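Beneath this line is the structure, given in structure tokens, with notes to follow.
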Amino acid sequence: MQNSSKTILNDIESISKIPAVAHILEIVCRTTGMGFSAVARVTSDTWTVCAVRDEINFGLAVGGELKLETTICNEIRQHKQAVIIDHVAEDPDFAHHHTPLMYGFQSYISVPIKLKNGDFFGTLCAIDPKPAKLKNPTVTGMFTMFADLIAFHLDALEELAKTERELKKEQEIAVLRDQFIAILGHDLRNPLNAISNSAQLLSRLNVDERTGRITKIIRDSSFRMNGLIENMLDFASGRLGEGITITKTPDEDLEKLLLQVVEELQAIWPSRAIKLNFNFDHPVHADGKRLAQLFSNLLANALNYSPSDSTVEITAFSNTEEFNLCVANKGKQIPAAAMERLFQPFSRGEVEPNQKGLGLGLYIASEIANAHDGTLDVSSTPEQTCFTLRLPSQNDHS
């Protein structure tokens, strides 16, 4: 019974959200000359007023109920046809009907409100103690149109509520998914660090060639896994609303940080040529760790996507206007379609079988640039692909 009452209250609320209903009831009364009009919710158990216009002091307000068996609407609920009475006393079907005798009306019209799925919601009805001329196309057409309009709005409200419920559910799932990613990434770090440290120790021992190759594979894989974990954690934090967080240092030694990244990746790709062109004339106000992460992603991409016998060229400079970092490599031109979504999460260009990944690196790099109020752009020709980071210089160190 409580669930039924709650449903009725929800239906009353739904009707209250349709601004046109009040105007419909006013037009019904003015057009027919009748003093009482209402939208009634009619179920197998109850008859309840959802909206009302009462000019004859019938005594029903919103939420008011009539005993279902005493209403003609109960019959309409069963046969789902409109009932129209111009003058009860002269109507052969209703002159002795219990409903008009009980409630004292002489004119009556009630049209069913049917929802899109075929369910019967209730009726748009009107009564008056005086006779009225209702059985004509103008009045019946108006009532039918208004009933359909109310049904349309009710369906729209239900669709909106359904969409909101689904959206809320998806948002909850997304939060749980991102929390899982964050926890997984965090918990993977300890065993990964143990593997990486073990590989480092093994590489310092005098081992045979085969063991050395295996050690290098372990070290290289650990490096790539660590990058994936960093990207996953940053992506999860961004999806959870925190975004990429940065802590700027007024005079960051970016040259040293960039060289460290180059040394780390050079150890993984010892046969690759990397050319450096650095010229730092002005202090850089930035988060060095984050820029090193960005640079590591760009340089790893360049080494992955370029021919093994080519040179990756890195140009970096700072002046009073900006800090500029460019990572350029030879290789295939990035297709135009891929360029449009290159900095989107889980978006990859055309990759070789050994170049699979989550597609988060460039997205994270772009977010780091945005967090610094900078830009990360890409240009690609058949001869060269170049990623360029530009950060504005800040003289006030604020």
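In the structure tokens, each chain is lettered A, B, ... as it comes, each chain's residues begin at 1, and ligands are numbered from 1 in order of appearance.
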* To do: Find the residues around Val312 (chain A) up to 6 Å (only C-alpha atoms counted), leave out those fewer than 3 positions away in its own chain, and share them as a PyMOL selection string.
  => chain A and resi 274+328-329
Quick one: residues within 6 Å of Ser380 (chain A), only C-alpha atoms counted, chain neighbours fewer than 2 positions away excluded, as an mmCIF file with all heavy atoms, in the first residue's frame?
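Written output follows (out20.cif):
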```cif
data_model
loop_
_atom_site.group_PDB
_atom_site.id
_atom_site.type_symbol
_atom_site.label_atom_id
_atom_site.label_comp_id
_atom_site.auth_asym_id
_atom_site.auth_seq_id
_atom_site.Cartn_x
_atom_site.Cartn_y
_atom_site.Cartn_z
ATOM 1 N N GLN A 333 54.341 9.312 -41.881
ATOM 2 C CA GLN A 333 53.504 10.458 -41.554
ATOM 3 C C GLN A 333 52.259 9.989 -40.798
ATOM 4 O O GLN A 333 51.672 8.952 -41.127
ATOM 5 C CB GLN A 333 53.085 11.190 -42.837
ATOM 6 C CG GLN A 333 52.223 12.424 -42.584
ATOM 7 C CD GLN A 333 51.897 13.166 -43.872
ATOM 8 O OE1 GLN A 333 52.210 12.685 -44.969
ATOM 9 N NE2 GLN A 333 51.273 14.318 -43.753
ATOM 10 N N ILE A 334 51.885 10.748 -39.779
ATOM 11 C CA ILE A 334 50.669 10.421 -39.025
ATOM 12 C C ILE A 334 49.459 10.750 -39.894
ATOM 13 O O ILE A 334 49.328 11.876 -40.388
ATOM 14 C CB ILE A 334 50.602 11.215 -37.707
ATOM 15 C CG1 ILE A 334 51.832 10.924 -36.842
ATOM 16 C CG2 ILE A 334 49.328 10.875 -36.936
ATOM 17 C CD1 ILE A 334 51.925 11.778 -35.591
ATOM 18 N N GLN A 384 59.093 14.000 -41.588
ATOM 19 C CA GLN A 384 59.362 14.179 -40.163
ATOM 20 C C GLN A 384 58.085 14.425 -39.374
ATOM 21 O O GLN A 384 57.149 15.058 -39.858
ATOM 22 C CB GLN A 384 60.323 15.359 -39.969
ATOM 23 C CG GLN A 384 60.650 15.681 -38.529
ATOM 24 C CD GLN A 384 61.626 16.827 -38.406
ATOM 25 O OE1 GLN A 384 62.829 16.645 -38.354
ATOM 26 N NE2 GLN A 384 61.109 18.050 -38.378
ATOM 27 N N THR A 385 58.081 13.913 -38.137
ATOM 28 C CA THR A 385 57.011 14.213 -37.179
ATOM 29 C C THR A 385 57.631 14.954 -36.009
ATOM 30 O O THR A 385 58.687 14.549 -35.502
ATOM 31 C CB THR A 385 56.328 12.932 -36.692
ATOM 32 O OG1 THR A 385 55.639 12.323 -37.782
ATOM 33 C CG2 THR A 385 55.327 13.229 -35.569
#
```
* To do: Give me every alpha helix (DSSP H) residue in region 119-259 of chain A, going by DSSP on the backbone, as a VMD selection string.
  => chain A and resid 137 to 203 209 to 239 254 to 259
* To do: List every residue of region 89-222 of chain A that DSSP, applied to the backbone of this structure, assigns to strand (DSSP E or B), and report them as a list of chain:residue names.
  => A:Ser107, A:Tyr108, A:Ile109, A:Ser110, A:Val111, A:Pro112, A:Ile113, A:Lys114, A:Phe120, A:Phe121, A:Gly122, A:Thr123, A:Leu124, A:Cys125, A:Ala126, A:Ile127, A:Asp128
Could you take the residues named above and write them with all heavy atoms, as a compact mmCIF listing (two decimals), in the first residue's frame?
```
# COMPACT_ATOMS: atom_id res chain seq x y z
N SER A 107 -23.75 17.69 -16.60
CA SER A 107 -22.90 17.58 -17.79
C SER A 107 -21.57 16.95 -17.37
O SER A 107 -21.06 17.20 -16.28
CB SER A 107 -22.67 18.93 -18.44
OG SER A 107 -22.17 19.87 -17.51
N TYR A 108 -21.01 16.12 -18.29
CA TYR A 108 -19.81 15.35 -17.93
C TYR A 108 -19.05 15.00 -19.20
O TYR A 108 -19.64 14.63 -20.21
CB TYR A 108 -20.23 14.07 -17.20
CG TYR A 108 -19.10 13.12 -16.87
CD1 TYR A 108 -18.42 13.21 -15.67
CD2 TYR A 108 -18.72 12.12 -17.77
CE1 TYR A 108 -17.38 12.32 -15.36
CE2 TYR A 108 -17.69 11.24 -17.47
CZ TYR A 108 -17.02 11.34 -16.26
OH TYR A 108 -16.01 10.47 -15.96
N ILE A 109 -17.75 15.13 -19.14
CA ILE A 109 -16.88 14.66 -20.22
C ILE A 109 -15.58 14.14 -19.62
O ILE A 109 -15.01 14.77 -18.73
CB ILE A 109 -16.61 15.76 -21.27
CG1 ILE A 109 -15.72 15.19 -22.41
CG2 ILE A 109 -15.99 17.00 -20.65
CD1 ILE A 109 -15.61 16.11 -23.60
N SER A 110 -15.16 12.99 -20.07
CA SER A 110 -13.92 12.40 -19.57
C SER A 110 -13.24 11.64 -20.72
O SER A 110 -13.86 10.79 -21.36
CB SER A 110 -14.20 11.45 -18.40
OG SER A 110 -12.99 10.96 -17.86
N VAL A 111 -11.98 11.99 -20.98
CA VAL A 111 -11.23 11.39 -22.08
C VAL A 111 -10.01 10.67 -21.49
O VAL A 111 -9.30 11.24 -20.65
CB VAL A 111 -10.77 12.47 -23.09
CG1 VAL A 111 -9.89 11.86 -24.18
CG2 VAL A 111 -11.98 13.16 -23.70
N PRO A 112 -9.75 9.44 -21.90
CA PRO A 112 -8.62 8.70 -21.34
C PRO A 112 -7.27 9.29 -21.74
O PRO A 112 -7.09 9.77 -22.86
CB PRO A 112 -8.79 7.29 -21.91
CG PRO A 112 -9.57 7.47 -23.16
CD PRO A 112 -10.49 8.63 -22.88
N ILE A 113 -6.33 9.26 -20.80
CA ILE A 113 -4.93 9.65 -21.07
C ILE A 113 -4.13 8.36 -21.16
O ILE A 113 -3.93 7.67 -20.15
CB ILE A 113 -4.38 10.55 -19.95
CG1 ILE A 113 -5.19 11.85 -19.86
CG2 ILE A 113 -2.90 10.87 -20.18
CD1 ILE A 113 -4.84 12.72 -18.66
N LYS A 114 -3.69 8.03 -22.38
CA LYS A 114 -2.97 6.77 -22.61
C LYS A 114 -1.52 7.07 -22.98
O LYS A 114 -1.25 7.86 -23.87
CB LYS A 114 -3.66 5.98 -23.73
CG LYS A 114 -5.03 5.45 -23.33
CD LYS A 114 -5.72 4.73 -24.47
CE LYS A 114 -6.26 5.70 -25.50
NZ LYS A 114 -7.09 5.01 -26.53
N PHE A 120 -2.68 2.86 -19.27
CA PHE A 120 -3.72 3.84 -18.97
C PHE A 120 -3.29 4.65 -17.76
O PHE A 120 -3.07 4.08 -16.68
CB PHE A 120 -5.04 3.11 -18.69
CG PHE A 120 -6.18 4.02 -18.31
CD1 PHE A 120 -6.90 4.71 -19.26
CD2 PHE A 120 -6.51 4.18 -16.96
CE1 PHE A 120 -7.95 5.54 -18.89
CE2 PHE A 120 -7.56 5.02 -16.59
CZ PHE A 120 -8.27 5.70 -17.55
N PHE A 121 -3.11 5.97 -17.94
CA PHE A 121 -2.69 6.82 -16.82
C PHE A 121 -3.89 7.29 -16.02
O PHE A 121 -3.91 7.24 -14.79
CB PHE A 121 -1.91 8.03 -17.34
CG PHE A 121 -1.51 9.00 -16.26
CD1 PHE A 121 -0.36 8.79 -15.51
CD2 PHE A 121 -2.30 10.11 -15.97
CE1 PHE A 121 -0.01 9.68 -14.49
CE2 PHE A 121 -1.95 11.00 -14.96
CZ PHE A 121 -0.81 10.78 -14.22
N GLY A 122 -4.89 7.82 -16.71
CA GLY A 122 -6.05 8.39 -16.04
C GLY A 122 -6.92 9.12 -17.04
O GLY A 122 -7.00 8.73 -18.21
N THR A 123 -7.51 10.22 -16.61
CA THR A 123 -8.44 10.94 -17.49
C THR A 123 -8.28 12.45 -17.37
O THR A 123 -7.83 12.97 -16.34
CB THR A 123 -9.90 10.59 -17.14
OG1 THR A 123 -10.17 10.97 -15.78
CG2 THR A 123 -10.18 9.11 -17.34
N LEU A 124 -8.64 13.12 -18.45
CA LEU A 124 -8.88 14.56 -18.44
C LEU A 124 -10.39 14.70 -18.42
O LEU A 124 -11.08 14.28 -19.37
CB LEU A 124 -8.28 15.21 -19.68
CG LEU A 124 -8.64 16.69 -19.90
CD1 LEU A 124 -8.10 17.57 -18.77
CD2 LEU A 124 -8.12 17.18 -21.25
N CYS A 125 -10.93 15.25 -17.33
CA CYS A 125 -12.38 15.24 -17.17
C CYS A 125 -12.92 16.60 -16.73
O CYS A 125 -12.17 17.45 -16.23
CB CYS A 125 -12.80 14.17 -16.16
SG CYS A 125 -11.99 14.32 -14.55
N ALA A 126 -14.21 16.78 -16.92
CA ALA A 126 -14.87 18.02 -16.49
C ALA A 126 -16.32 17.69 -16.13
O ALA A 126 -16.95 16.82 -16.76
CB ALA A 126 -14.82 19.07 -17.59
N ILE A 127 -16.87 18.40 -15.11
CA ILE A 127 -18.27 18.22 -14.71
C ILE A 127 -18.88 19.58 -14.39
O ILE A 127 -18.17 20.56 -14.14
CB ILE A 127 -18.41 17.31 -13.48
CG1 ILE A 127 -17.69 17.95 -12.27
CG2 ILE A 127 -17.88 15.91 -13.75
CD1 ILE A 127 -17.95 17.21 -10.94
N ASP A 128 -20.22 19.61 -14.40
CA ASP A 128 -20.92 20.84 -14.00
C ASP A 128 -22.35 20.47 -13.63
O ASP A 128 -22.94 19.54 -14.21
CB ASP A 128 -20.93 21.86 -15.14
CG ASP A 128 -21.29 23.26 -14.64
OD1 ASP A 128 -20.35 23.99 -14.25
OD2 ASP A 128 -22.48 23.59 -14.64
```
Spatial neighbours of region 283-286 of chain A, max dist 9 Å, only C-alpha atoms, sep filter under 5 positions, as a tab-separated table (two decimals) with N, CA, C and O atoms, in the first residue's frame:
```tsv
chain	number	residue	atom	x	y	z
A	246	ILE	N	50.13	19.92	-10.50
A	246	ILE	CA	51.52	20.32	-10.68
A	246	ILE	C	51.96	21.19	-9.51
A	246	ILE	O	51.14	21.86	-8.87
A	247	THR	N	53.26	21.16	-9.23
A	247	THR	CA	53.87	22.03	-8.22
A	247	THR	C	55.05	22.73	-8.88
A	247	THR	O	56.08	22.10	-9.14
A	248	LYS	N	54.90	24.00	-9.15
A	248	LYS	CA	55.94	24.73	-9.90
A	248	LYS	C	57.09	25.16	-9.01
A	248	LYS	O	56.90	25.52	-7.84
A	249	THR	N	58.28	25.10	-9.57
A	249	THR	CA	59.50	25.61	-8.93
A	249	THR	C	59.97	26.82	-9.72
A	249	THR	O	60.00	26.77	-10.96
A	250	PRO	N	60.32	27.93	-9.04
A	250	PRO	CA	60.66	29.17	-9.78
A	250	PRO	C	61.79	29.01	-10.79
A	250	PRO	O	61.73	29.56	-11.87
A	251	ASP	N	62.83	28.27	-10.43
A	251	ASP	CA	63.98	28.16	-11.34
A	251	ASP	C	64.33	26.68	-11.50
A	251	ASP	O	65.33	26.20	-10.98
A	252	GLU	N	63.48	25.97	-12.23
A	252	GLU	CA	63.66	24.53	-12.40
A	252	GLU	C	64.83	24.26	-13.34
A	252	GLU	O	64.95	24.89	-14.40
A	253	ASP	N	65.69	23.34	-12.94
A	253	ASP	CA	66.84	22.98	-13.78
A	253	ASP	C	66.38	21.95	-14.81
A	253	ASP	O	66.62	20.75	-14.69
A	254	LEU	N	65.72	22.46	-15.86
A	254	LEU	CA	65.14	21.57	-16.84
A	254	LEU	C	66.20	20.86	-17.68
A	254	LEU	O	65.99	19.73	-18.12
A	291	LEU	N	57.23	17.79	-16.26
A	291	LEU	CA	57.79	18.02	-17.60
A	291	LEU	C	58.70	16.87	-18.01
A	291	LEU	O	58.77	16.51	-19.19
A	318	SER	N	64.87	28.33	-23.73
A	318	SER	CA	64.03	29.21	-22.92
A	318	SER	C	64.51	30.64	-23.10
A	318	SER	O	65.72	30.89	-23.19
A	319	ASN	N	63.58	31.56	-23.17
A	319	ASN	CA	63.91	32.98	-23.23
A	319	ASN	C	62.87	33.75	-22.42
A	319	ASN	O	62.11	33.15	-21.65
A	320	THR	N	62.83	35.04	-22.58
A	320	THR	CA	61.92	35.85	-21.76
A	320	THR	C	60.46	35.64	-22.14
A	320	THR	O	59.56	36.05	-21.40
A	322	GLU	N	59.16	32.40	-23.66
A	322	GLU	CA	58.63	31.05	-23.54
A	322	GLU	C	59.72	30.02	-23.29
A	322	GLU	O	60.91	30.28	-23.48
A	323	PHE	N	59.25	28.83	-22.85
A	323	PHE	CA	60.07	27.63	-22.85
A	323	PHE	C	59.55	26.77	-23.99
A	323	PHE	O	58.33	26.54	-24.11
A	372	HIS	N	50.15	23.64	-17.14
A	372	HIS	CA	51.15	24.72	-17.11
A	372	HIS	C	50.71	25.94	-17.93
A	372	HIS	O	51.51	26.85	-18.17
A	391	LEU	N	55.60	26.66	-23.27
A	391	LEU	CA	55.13	27.18	-21.99
A	391	LEU	C	55.47	28.66	-21.89
A	391	LEU	O	56.60	29.05	-22.20
A	392	PRO	N	54.52	29.48	-21.45
A	392	PRO	CA	54.83	30.90	-21.32
A	392	PRO	C	55.80	31.14	-20.18
A	392	PRO	O	55.75	30.49	-19.14
A	393	SER	N	56.74	32.07	-20.37
A	393	SER	CA	57.67	32.43	-19.30
A	393	SER	C	56.94	33.26	-18.25
A	393	SER	O	56.05	34.05	-18.56
A	394	GLN	N	57.34	33.10	-16.98
A	394	GLN	CA	56.76	33.85	-15.88
A	394	GLN	C	57.89	34.52	-15.10
A	394	GLN	O	58.74	33.84	-14.53
A	395	ASN	N	57.87	35.84	-15.12
A	395	ASN	CA	58.94	36.58	-14.46
A	395	ASN	C	58.69	36.81	-12.97
A	395	ASN	O	59.61	37.10	-12.22
A	397	HIS	N	57.43	34.60	-10.84
A	397	HIS	CA	57.58	33.36	-10.04
A	397	HIS	C	56.38	33.11	-9.13
A	397	HIS	O	56.52	32.56	-8.08
A	398	SER	N	55.21	33.57	-9.53
A	398	SER	CA	54.02	33.39	-8.66
A	398	SER	C	53.39	32.05	-8.87
A	398	SER	O	53.68	31.38	-9.83
```
* To do: Pick out the closest residue to Leu259 (chain A) from this set: A:Ser306, A:Pro137, A:Ala316, A:Ala194. Count only C-alpha atoms.
  => A:Ala316
* Asked: Which of these, A:Gly63, A:Phe146, A:Arg77, A:Lys6, has the shortest distance to Ala22 (chain A) once you count only C-alpha atoms?
  -> A:Phe146
